[in-house]
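Okay, coords20.csv is below, CSV, C-alpha atoms:
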chain,number,residue,atom,x,y,z
A,1,MET,CA,-2.4,-6.8,-9.2
A,2,ILE,CA,0.7,-8.8,-8.4
A,3,SER,CA,1.3,-11.3,-5.7
A,4,SER,CA,4.6,-13.1,-5.2
A,5,LEU,CA,5.3,-16.4,-3.6
A,6,THR,CA,8.9,-16.4,-2.4
A,7,ALA,CA,11.0,-19.3,-1.2
A,8,SER,CA,14.7,-19.1,-0.2
A,9,GLY,CA,15.2,-16.0,-2.3
A,10,LYS,CA,13.0,-17.3,-5.2
A,11,GLY,CA,9.3,-17.2,-5.7
A,12,ILE,CA,6.2,-17.2,-7.9
A,13,ALA,CA,4.7,-14.0,-9.1
A,14,LEU,CA,0.9,-13.9,-9.3
A,15,ILE,CA,-0.5,-11.3,-11.8
A,16,GLY,CA,-4.0,-10.2,-12.7
A,17,ASN,CA,-6.6,-7.5,-12.6
A,18,PRO,CA,-8.5,-6.6,-9.5
A,19,GLY,CA,-11.5,-8.8,-9.0
A,20,VAL,CA,-10.2,-11.9,-10.9
A,21,GLY,CA,-10.0,-13.7,-7.5
A,22,LYS,CA,-6.3,-13.3,-6.4
A,23,THR,CA,-6.9,-13.0,-2.7
A,24,THR,CA,-9.5,-15.8,-2.8
A,25,PHE,CA,-7.0,-17.9,-4.7
A,26,LEU,CA,-4.2,-17.4,-2.2
A,27,ILE,CA,-6.4,-17.9,0.9
A,28,ALA,CA,-8.0,-21.0,-0.7
A,29,ALA,CA,-4.5,-22.3,-1.7
A,30,ILE,CA,-3.1,-21.9,1.8
A,31,HIS,CA,-6.1,-23.6,3.4
A,32,TYR,CA,-6.3,-26.4,0.8
A,33,LEU,CA,-2.6,-27.2,0.5
A,34,ASP,CA,-2.4,-27.6,4.3
A,35,LYS,CA,-5.5,-29.8,4.3
A,36,ILE,CA,-4.1,-32.2,1.7
A,37,GLY,CA,-0.7,-32.3,3.4
A,38,TRP,CA,1.3,-30.6,0.7
A,39,ALA,CA,2.3,-27.7,3.0
A,40,ARG,CA,2.0,-26.7,6.6
A,41,ILE,CA,0.5,-23.4,7.7
A,42,LYS,CA,2.7,-21.3,10.0
A,43,PHE,CA,0.1,-19.4,11.8
A,44,LYS,CA,2.5,-17.1,13.6
A,45,GLU,CA,3.7,-15.9,10.2
A,46,LEU,CA,0.2,-15.3,8.8
A,47,PRO,CA,-1.5,-11.8,8.9
A,48,PRO,CA,-4.1,-11.5,11.7
A,49,GLU,CA,-6.9,-11.3,9.1
A,50,TYR,CA,-6.2,-14.8,7.7
A,51,GLY,CA,-8.7,-16.6,10.0
A,52,THR,CA,-11.4,-14.1,9.2
A,53,LEU,CA,-10.8,-14.5,5.5
A,54,VAL,CA,-11.1,-18.3,5.8
A,55,ASP,CA,-14.3,-18.0,7.8
A,56,LEU,CA,-15.8,-15.7,5.1
A,57,LEU,CA,-14.9,-18.1,2.3
A,58,ILE,CA,-16.3,-21.1,4.2
A,59,SER,CA,-19.6,-19.2,4.8
A,60,GLY,CA,-19.8,-18.3,1.1
A,61,LYS,CA,-19.4,-14.6,1.7
A,62,PRO,CA,-17.4,-12.3,-0.6
A,63,LEU,CA,-14.0,-10.9,0.3
A,64,SER,CA,-13.2,-7.2,0.4
A,65,PRO,CA,-10.6,-5.9,-2.1
A,66,THR,CA,-7.0,-6.2,-0.9
A,67,LEU,CA,-5.8,-2.7,-0.1
A,68,ARG,CA,-2.4,-3.3,1.3
A,69,ILE,CA,0.6,-5.6,1.1
A,70,ALA,CA,0.1,-8.8,3.1
A,71,GLU,CA,2.3,-11.8,3.6
A,72,TYR,CA,1.2,-15.4,3.9
A,73,ALA,CA,3.8,-18.1,4.9
A,74,LEU,CA,3.7,-21.8,4.1
A,75,GLU,CA,6.2,-24.5,4.4
A,76,PHE,CA,6.0,-27.1,1.7
A,77,SER,CA,6.9,-30.8,2.2
A,78,ASN,CA,7.7,-33.2,-0.6
A,79,VAL,CA,4.5,-33.5,-2.7
A,80,SER,CA,3.2,-36.3,-5.0
A,81,TYR,CA,0.8,-36.0,-7.9
A,82,LYS,CA,-0.3,-38.7,-10.3
A,83,GLY,CA,2.5,-41.0,-9.3
A,84,VAL,CA,5.3,-38.4,-9.5
A,85,GLU,CA,7.0,-37.0,-6.4
A,86,LEU,CA,8.6,-33.6,-6.0
A,87,LYS,CA,11.4,-33.1,-3.4
A,88,THR,CA,11.0,-29.4,-2.4
A,89,GLY,CA,14.3,-29.1,-0.6
A,90,VAL,CA,15.3,-25.4,0.0
A,91,PHE,CA,12.1,-24.3,-1.7
A,92,GLY,CA,10.0,-25.6,1.2
A,93,LYS,CA,9.7,-22.2,2.9
A,94,ILE,CA,7.3,-20.0,0.9
A,95,THR,CA,5.8,-16.6,1.5
A,96,PHE,CA,2.9,-15.2,-0.4
A,97,LYS,CA,2.9,-11.4,-1.0
A,98,ILE,CA,-0.2,-9.5,-2.3
A,99,ILE,CA,0.1,-6.2,-4.1
A,100,ASP,CA,-2.8,-4.6,-6.0
A,101,MET,CA,-2.3,-2.9,-9.4
A,102,SER,CA,-4.3,-2.3,-12.6
A,103,GLY,CA,-5.1,0.2,-15.3
A,104,GLN,CA,-3.8,3.7,-14.6
A,105,ASP,CA,-2.4,2.4,-11.3
A,106,TYR,CA,0.1,0.2,-13.2
A,107,ARG,CA,2.5,3.1,-13.7
A,108,ALA,CA,2.2,4.1,-10.0
A,109,ALA,CA,2.8,0.5,-8.9
A,110,THR,CA,5.7,-0.2,-11.3
A,111,TYR,CA,8.1,-0.4,-8.4
A,112,ASN,CA,6.0,-2.9,-6.5
A,113,PHE,CA,5.6,-5.0,-9.7
A,114,GLN,CA,9.3,-5.0,-10.2
A,115,GLU,CA,9.9,-6.0,-6.6
A,116,ALA,CA,7.3,-8.8,-6.9
A,117,VAL,CA,9.0,-10.4,-10.0
A,118,LYS,CA,12.7,-9.7,-9.5
A,119,ASP,CA,13.3,-12.9,-7.4
A,120,ALA,CA,10.7,-15.1,-9.1
A,121,PHE,CA,11.3,-18.4,-11.0
A,122,ALA,CA,7.7,-18.6,-12.2
A,123,ALA,CA,4.7,-16.3,-12.9
A,124,LEU,CA,1.0,-17.2,-12.7
A,125,PHE,CA,-1.4,-15.0,-14.6
A,126,LEU,CA,-5.0,-15.0,-13.4
A,127,LEU,CA,-7.9,-14.2,-15.7
A,128,ASP,CA,-11.7,-14.0,-15.0
A,129,PRO,CA,-13.8,-15.5,-17.8
A,130,SER,CA,-17.1,-14.9,-15.9
A,131,LEU,CA,-17.3,-11.2,-16.7
A,132,SER,CA,-19.4,-11.8,-19.9
A,133,GLU,CA,-21.2,-14.6,-21.7
A,134,ASN,CA,-18.9,-13.6,-24.6
A,135,PHE,CA,-15.4,-14.7,-23.7
A,136,ALA,CA,-13.8,-12.1,-26.0
A,137,HIS,CA,-15.6,-9.4,-24.0
A,138,SER,CA,-14.4,-11.0,-20.8
A,139,LEU,CA,-10.8,-10.7,-22.0
A,140,ALA,CA,-11.2,-7.0,-22.7
A,141,GLY,CA,-9.2,-5.0,-20.2
A,142,GLN,CA,-7.4,-8.2,-18.9
A,143,ILE,CA,-5.0,-8.7,-21.8
A,144,GLU,CA,-3.1,-5.4,-21.8
A,145,PRO,CA,-1.8,-5.7,-18.2
A,146,ILE,CA,-0.7,-9.2,-18.9
A,147,ASP,CA,0.9,-8.2,-22.1
A,148,ARG,CA,2.9,-5.4,-20.3
A,149,ALA,CA,3.9,-7.8,-17.5
A,150,ILE,CA,5.2,-10.5,-19.9
A,151,ARG,CA,7.2,-7.9,-21.9
A,152,TYR,CA,8.8,-6.6,-18.8
A,153,ILE,CA,9.6,-10.1,-17.5
A,154,LEU,CA,11.1,-11.2,-20.8
A,155,ARG,CA,13.3,-8.0,-20.9
A,156,ASN,CA,14.4,-8.0,-17.3
A,157,GLU,CA,13.8,-11.2,-15.5
A,158,ARG,CA,15.7,-14.1,-17.3
A,159,ASP,CA,15.4,-16.3,-14.2
A,160,ILE,CA,11.6,-16.7,-14.7
A,161,LYS,CA,11.3,-20.0,-16.5
A,162,TYR,CA,7.6,-20.8,-16.1
A,163,PHE,CA,4.3,-19.0,-17.1
A,164,GLY,CA,1.0,-20.5,-15.9
A,165,PHE,CA,-2.2,-18.9,-17.2
A,166,VAL,CA,-5.1,-19.6,-14.8
A,167,PHE,CA,-8.8,-19.1,-15.8
A,168,THR,CA,-10.7,-18.6,-12.5
A,169,LYS,CA,-14.3,-19.0,-11.4
A,170,SER,CA,-15.1,-22.1,-13.5
A,171,ASN,CA,-18.4,-22.6,-11.8
A,172,LEU,CA,-19.6,-19.1,-12.7
A,173,HIS,CA,-19.4,-19.3,-16.5
A,174,SER,CA,-20.2,-21.7,-19.4
A,175,HIS,CA,-17.1,-21.1,-21.6
A,176,TYR,CA,-15.3,-24.2,-22.8
A,177,PHE,CA,-11.7,-24.5,-21.6
A,178,ASP,CA,-10.3,-25.3,-25.1
A,179,ASP,CA,-12.1,-22.4,-26.6
A,180,MET,CA,-10.7,-20.0,-24.0
A,181,ILE,CA,-7.2,-21.3,-24.6
A,182,THR,CA,-7.6,-20.8,-28.4
A,183,LEU,CA,-8.9,-17.2,-28.1
A,184,PHE,CA,-6.4,-16.3,-25.4
A,185,GLU,CA,-3.4,-17.6,-27.4
A,186,GLU,CA,-4.6,-15.7,-30.5
A,187,GLN,CA,-4.3,-12.5,-28.4
A,188,LEU,CA,-0.7,-13.1,-27.2
A,189,THR,CA,0.8,-15.4,-29.9
A,190,PRO,CA,4.0,-13.4,-30.6
A,191,LEU,CA,4.8,-13.0,-26.9
A,192,LEU,CA,4.1,-16.6,-26.0
A,193,ASN,CA,6.3,-17.8,-28.9
A,194,MET,CA,9.1,-15.4,-27.8
A,195,ALA,CA,8.8,-16.8,-24.2
A,196,LYS,CA,9.0,-20.4,-25.5
A,197,GLU,CA,12.1,-19.6,-27.6
A,198,ARG,CA,13.8,-18.4,-24.4
A,199,GLY,CA,13.1,-21.6,-22.7
A,200,VAL,CA,10.0,-20.6,-20.7
A,201,MET,CA,7.6,-23.4,-19.9
A,202,ILE,CA,4.0,-22.5,-20.5
A,203,ASN,CA,0.8,-24.2,-19.3
A,204,MET,CA,-2.9,-23.3,-18.8
A,205,PHE,CA,-5.3,-24.2,-16.1
A,206,GLU,CA,-9.0,-23.8,-15.1
A,207,ILE,CA,-9.9,-23.5,-11.4
A,208,ASP,CA,-12.6,-22.5,-9.0
A,209,SER,CA,-11.2,-21.3,-5.7
A,210,ARG,CA,-14.5,-21.6,-3.8
A,211,GLY,CA,-15.8,-24.9,-5.4
A,212,LYS,CA,-19.2,-25.9,-6.6
A,213,ASP,CA,-21.0,-25.0,-3.4
A,214,GLY,CA,-19.1,-21.6,-3.2
A,215,LYS,CA,-17.8,-22.5,0.3
A,216,LEU,CA,-14.1,-23.1,0.1
A,217,ASP,CA,-13.8,-26.5,-1.7
A,218,PRO,CA,-11.2,-25.6,-4.3
A,219,GLU,CA,-11.0,-27.3,-7.7
A,220,GLY,CA,-8.0,-27.6,-9.9
A,221,PHE,CA,-5.2,-26.4,-7.5
A,222,GLU,CA,-3.0,-29.5,-7.4
A,223,PRO,CA,-1.8,-29.3,-11.0
A,224,ILE,CA,-1.0,-25.6,-10.8
A,225,PHE,CA,1.3,-25.9,-7.8
A,226,PHE,CA,2.9,-29.2,-8.8
A,227,ASP,CA,3.6,-27.8,-12.3
A,228,ALA,CA,5.2,-24.6,-11.1
A,229,LEU,CA,7.2,-26.3,-8.3
A,230,SER,CA,8.5,-28.9,-10.8
A,231,VAL,CA,10.5,-26.2,-12.5
A,232,VAL,CA,12.8,-25.9,-9.6
A,233,CYS,CA,12.3,-29.0,-7.4
A,234,LYS,CA,13.9,-32.4,-7.9
A,235,VAL,CA,11.5,-34.8,-9.5
A,236,LYS,CA,11.4,-38.4,-8.1
A,237,LYS,CA,9.4,-40.8,-10.3
This entry written out as structure tokens:
Amino acid sequence: MISSLTASGKGIALIGNPGVGKTTFLIAAIHYLDKIGWARIKFKELPPEYGTLVDLLISGKPLSPTLRIAEYALEFSNVSYKGVELKTGVFGKITFKIIDMSGQDYRAATYNFQEAVKDAFAALFLLDPSLSENFAHSLAGQIEPIDRAIRYILRNERDIKYFGFVFTKSNLHSHYFDDMITLFEEQLTPLLNMAKERGVMINMFEIDSRGKDGKLDPEGFEPIFFDALSVVCKVKK
């Protein structure tokens, strides 16, 4: 699955297998970033199902799989995090695009994938650690699509200068963050080193889009968006 977050011809591509929490992440992000004042929701530019999806998350109910392309618009203001301010400038207008893709569907969705990343300045890769009590088992089936995506980006999309790897559903598993990072990096060491050599900034995060009570109280969102936006936005200390 790929989602892209575009702003003034540039964007952030969101990549991961079905079920890792991509739609939940996007809906929670829109709701939460508006709530904390980092961005404004432009309701007229949101799909009609946005309100229903928010209601489902607030009530703790699951979301149906995303079956079509949808766009979600936000307008970022200048944002501050831990004493550092970002001036968003022309990157204030942002649109989220959701496109599903995985496994055998990858080849059929290659065009959509290419469209999602061609104007990106950053890519976020979502992984679900909660699939098994053994994290290595959780990674099975999630590494290959990410491997293919990174290889394509490094070959064809030199404008992408940021990779963020996001471990989702932190309240649904007991894996230690540092252990997950170590095992994940072991799987992709050559590619990650290649990316760093080409000047790509890499960071890793742990989040829960629903929060501890499972009802849309996201955890860990600020550092992800601040980190990604800092690649292209002017930093004011």
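Distance-wise, CA of Leu26 in chain A and CA of Tyr72 in chain A end up 8.4 Å apart.
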Contacts of Ile224 in chain A at 8 Å or less, counting all atoms listed in the file, minus same-chain residues fewer than 4 places along, as a PDB file with C-alpha atoms, keeping the file's coordinate frame?
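Final output, saved to selection_35.pdb:
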ATOM      1  CA  GLY A 164       1.000 -20.500 -15.900  1.00  0.00           C
ATOM      2  CA  PHE A 205      -5.300 -24.200 -16.100  1.00  0.00           C
ATOM      3  CA  GLY A 220      -8.000 -27.600  -9.900  1.00  0.00           C
ATOM      4  CA  ALA A 228       5.200 -24.600 -11.100  1.00  0.00           C
TER       5      ALA A 228
END
Would you compute the box with edges along x, y and z of the file around range 170-184 of chain A, including every atom the file lists for it and 5 Å extra on each side, and give its centre and edge lengths in Å to one decimal, as AutoDock Vina command-line options?
--center_x -13.3 --center_y -20.8 --center_z -20.1 --size_x 23.8 --size_y 19.0 --size_z 26.6
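Reported to one decimal place, the separation of CA of Asp34 in chain A from CA of Gly83 in chain A is 19.7 Å.
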(Q) I want to know what sits within 12 Å of Ser64 in chain A, based on all atoms listed in the file, with residues of the same chain fewer than 2 positions away left out; could you give that as a PyMOL selection string? (A) chain A and resi 18-19+21-24+49+52-53+56-57+61-62+66-68
For each of A:Met180, A:Val231, A:Leu14, A:Ala28, take the minimum atom-to-atom distance to His137 in chain A, counting all atoms listed in the file, then give the residue where this is smallest.
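That would be A:Met180, the residue with the smallest distance to His137 in chain A.
When all atoms listed in the file are used to measure the gap to Pro223 in chain A, the shortest distance among A:Met204, A:Leu188, A:Ala73, A:Ile27 belongs to A:Met204.
Here CA of Lys35 in chain A stands at a distance of 27.5 Å from CA of Ile202 in chain A.
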message = Env of range 121-132 of chain A: 6 Å cut, atoms = only C-alpha atoms, seq-sep filter 3 positions within chain, self excluded. Answer as a count of residues only.
response = 20
* Counting all atoms listed in the file, the option among A:Glu219, A:Asp55, A:Glu45, A:Glu144 closest to Leu33 in chain A ->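 Ranking A:Glu219, A:Asp55, A:Glu45, A:Glu144 by distance to Leu33 in chain A, first place goes to A:Glu219.
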Using all atoms listed in the file, the residue out of A:Asp178, A:Lys169, A:Glu133, A:Met194 with shortest distance to Arg155 in chain A is A:Met194
Expected answer as an mmCIF file with C-alpha atoms, in the coordinates of the input: all residues with atoms within 12 Å of (-3.4, -30.1, 4.1), only C-alpha atoms:
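Final output, result_33.cif:
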data_model
loop_
_atom_site.group_PDB
_atom_site.id
_atom_site.type_symbol
_atom_site.label_atom_id
_atom_site.label_comp_id
_atom_site.auth_asym_id
_atom_site.auth_seq_id
_atom_site.Cartn_x
_atom_site.Cartn_y
_atom_site.Cartn_z
ATOM 1 C CA ALA A 28 -8.000 -21.000 -0.700
ATOM 2 C CA ALA A 29 -4.500 -22.300 -1.700
ATOM 3 C CA ILE A 30 -3.100 -21.900 1.800
ATOM 4 C CA HIS A 31 -6.100 -23.600 3.400
ATOM 5 C CA TYR A 32 -6.300 -26.400 0.800
ATOM 6 C CA LEU A 33 -2.600 -27.200 0.500
ATOM 7 C CA ASP A 34 -2.400 -27.600 4.300
ATOM 8 C CA LYS A 35 -5.500 -29.800 4.300
ATOM 9 C CA ILE A 36 -4.100 -32.200 1.700
ATOM 10 C CA GLY A 37 -0.700 -32.300 3.400
ATOM 11 C CA TRP A 38 1.300 -30.600 0.700
ATOM 12 C CA ALA A 39 2.300 -27.700 3.000
ATOM 13 C CA ARG A 40 2.000 -26.700 6.600
ATOM 14 C CA ILE A 41 0.500 -23.400 7.700
ATOM 15 C CA LEU A 74 3.700 -21.800 4.100
ATOM 16 C CA GLU A 75 6.200 -24.500 4.400
ATOM 17 C CA PHE A 76 6.000 -27.100 1.700
ATOM 18 C CA SER A 77 6.900 -30.800 2.200
ATOM 19 C CA VAL A 79 4.500 -33.500 -2.700
ATOM 20 C CA GLU A 222 -3.000 -29.500 -7.400
#
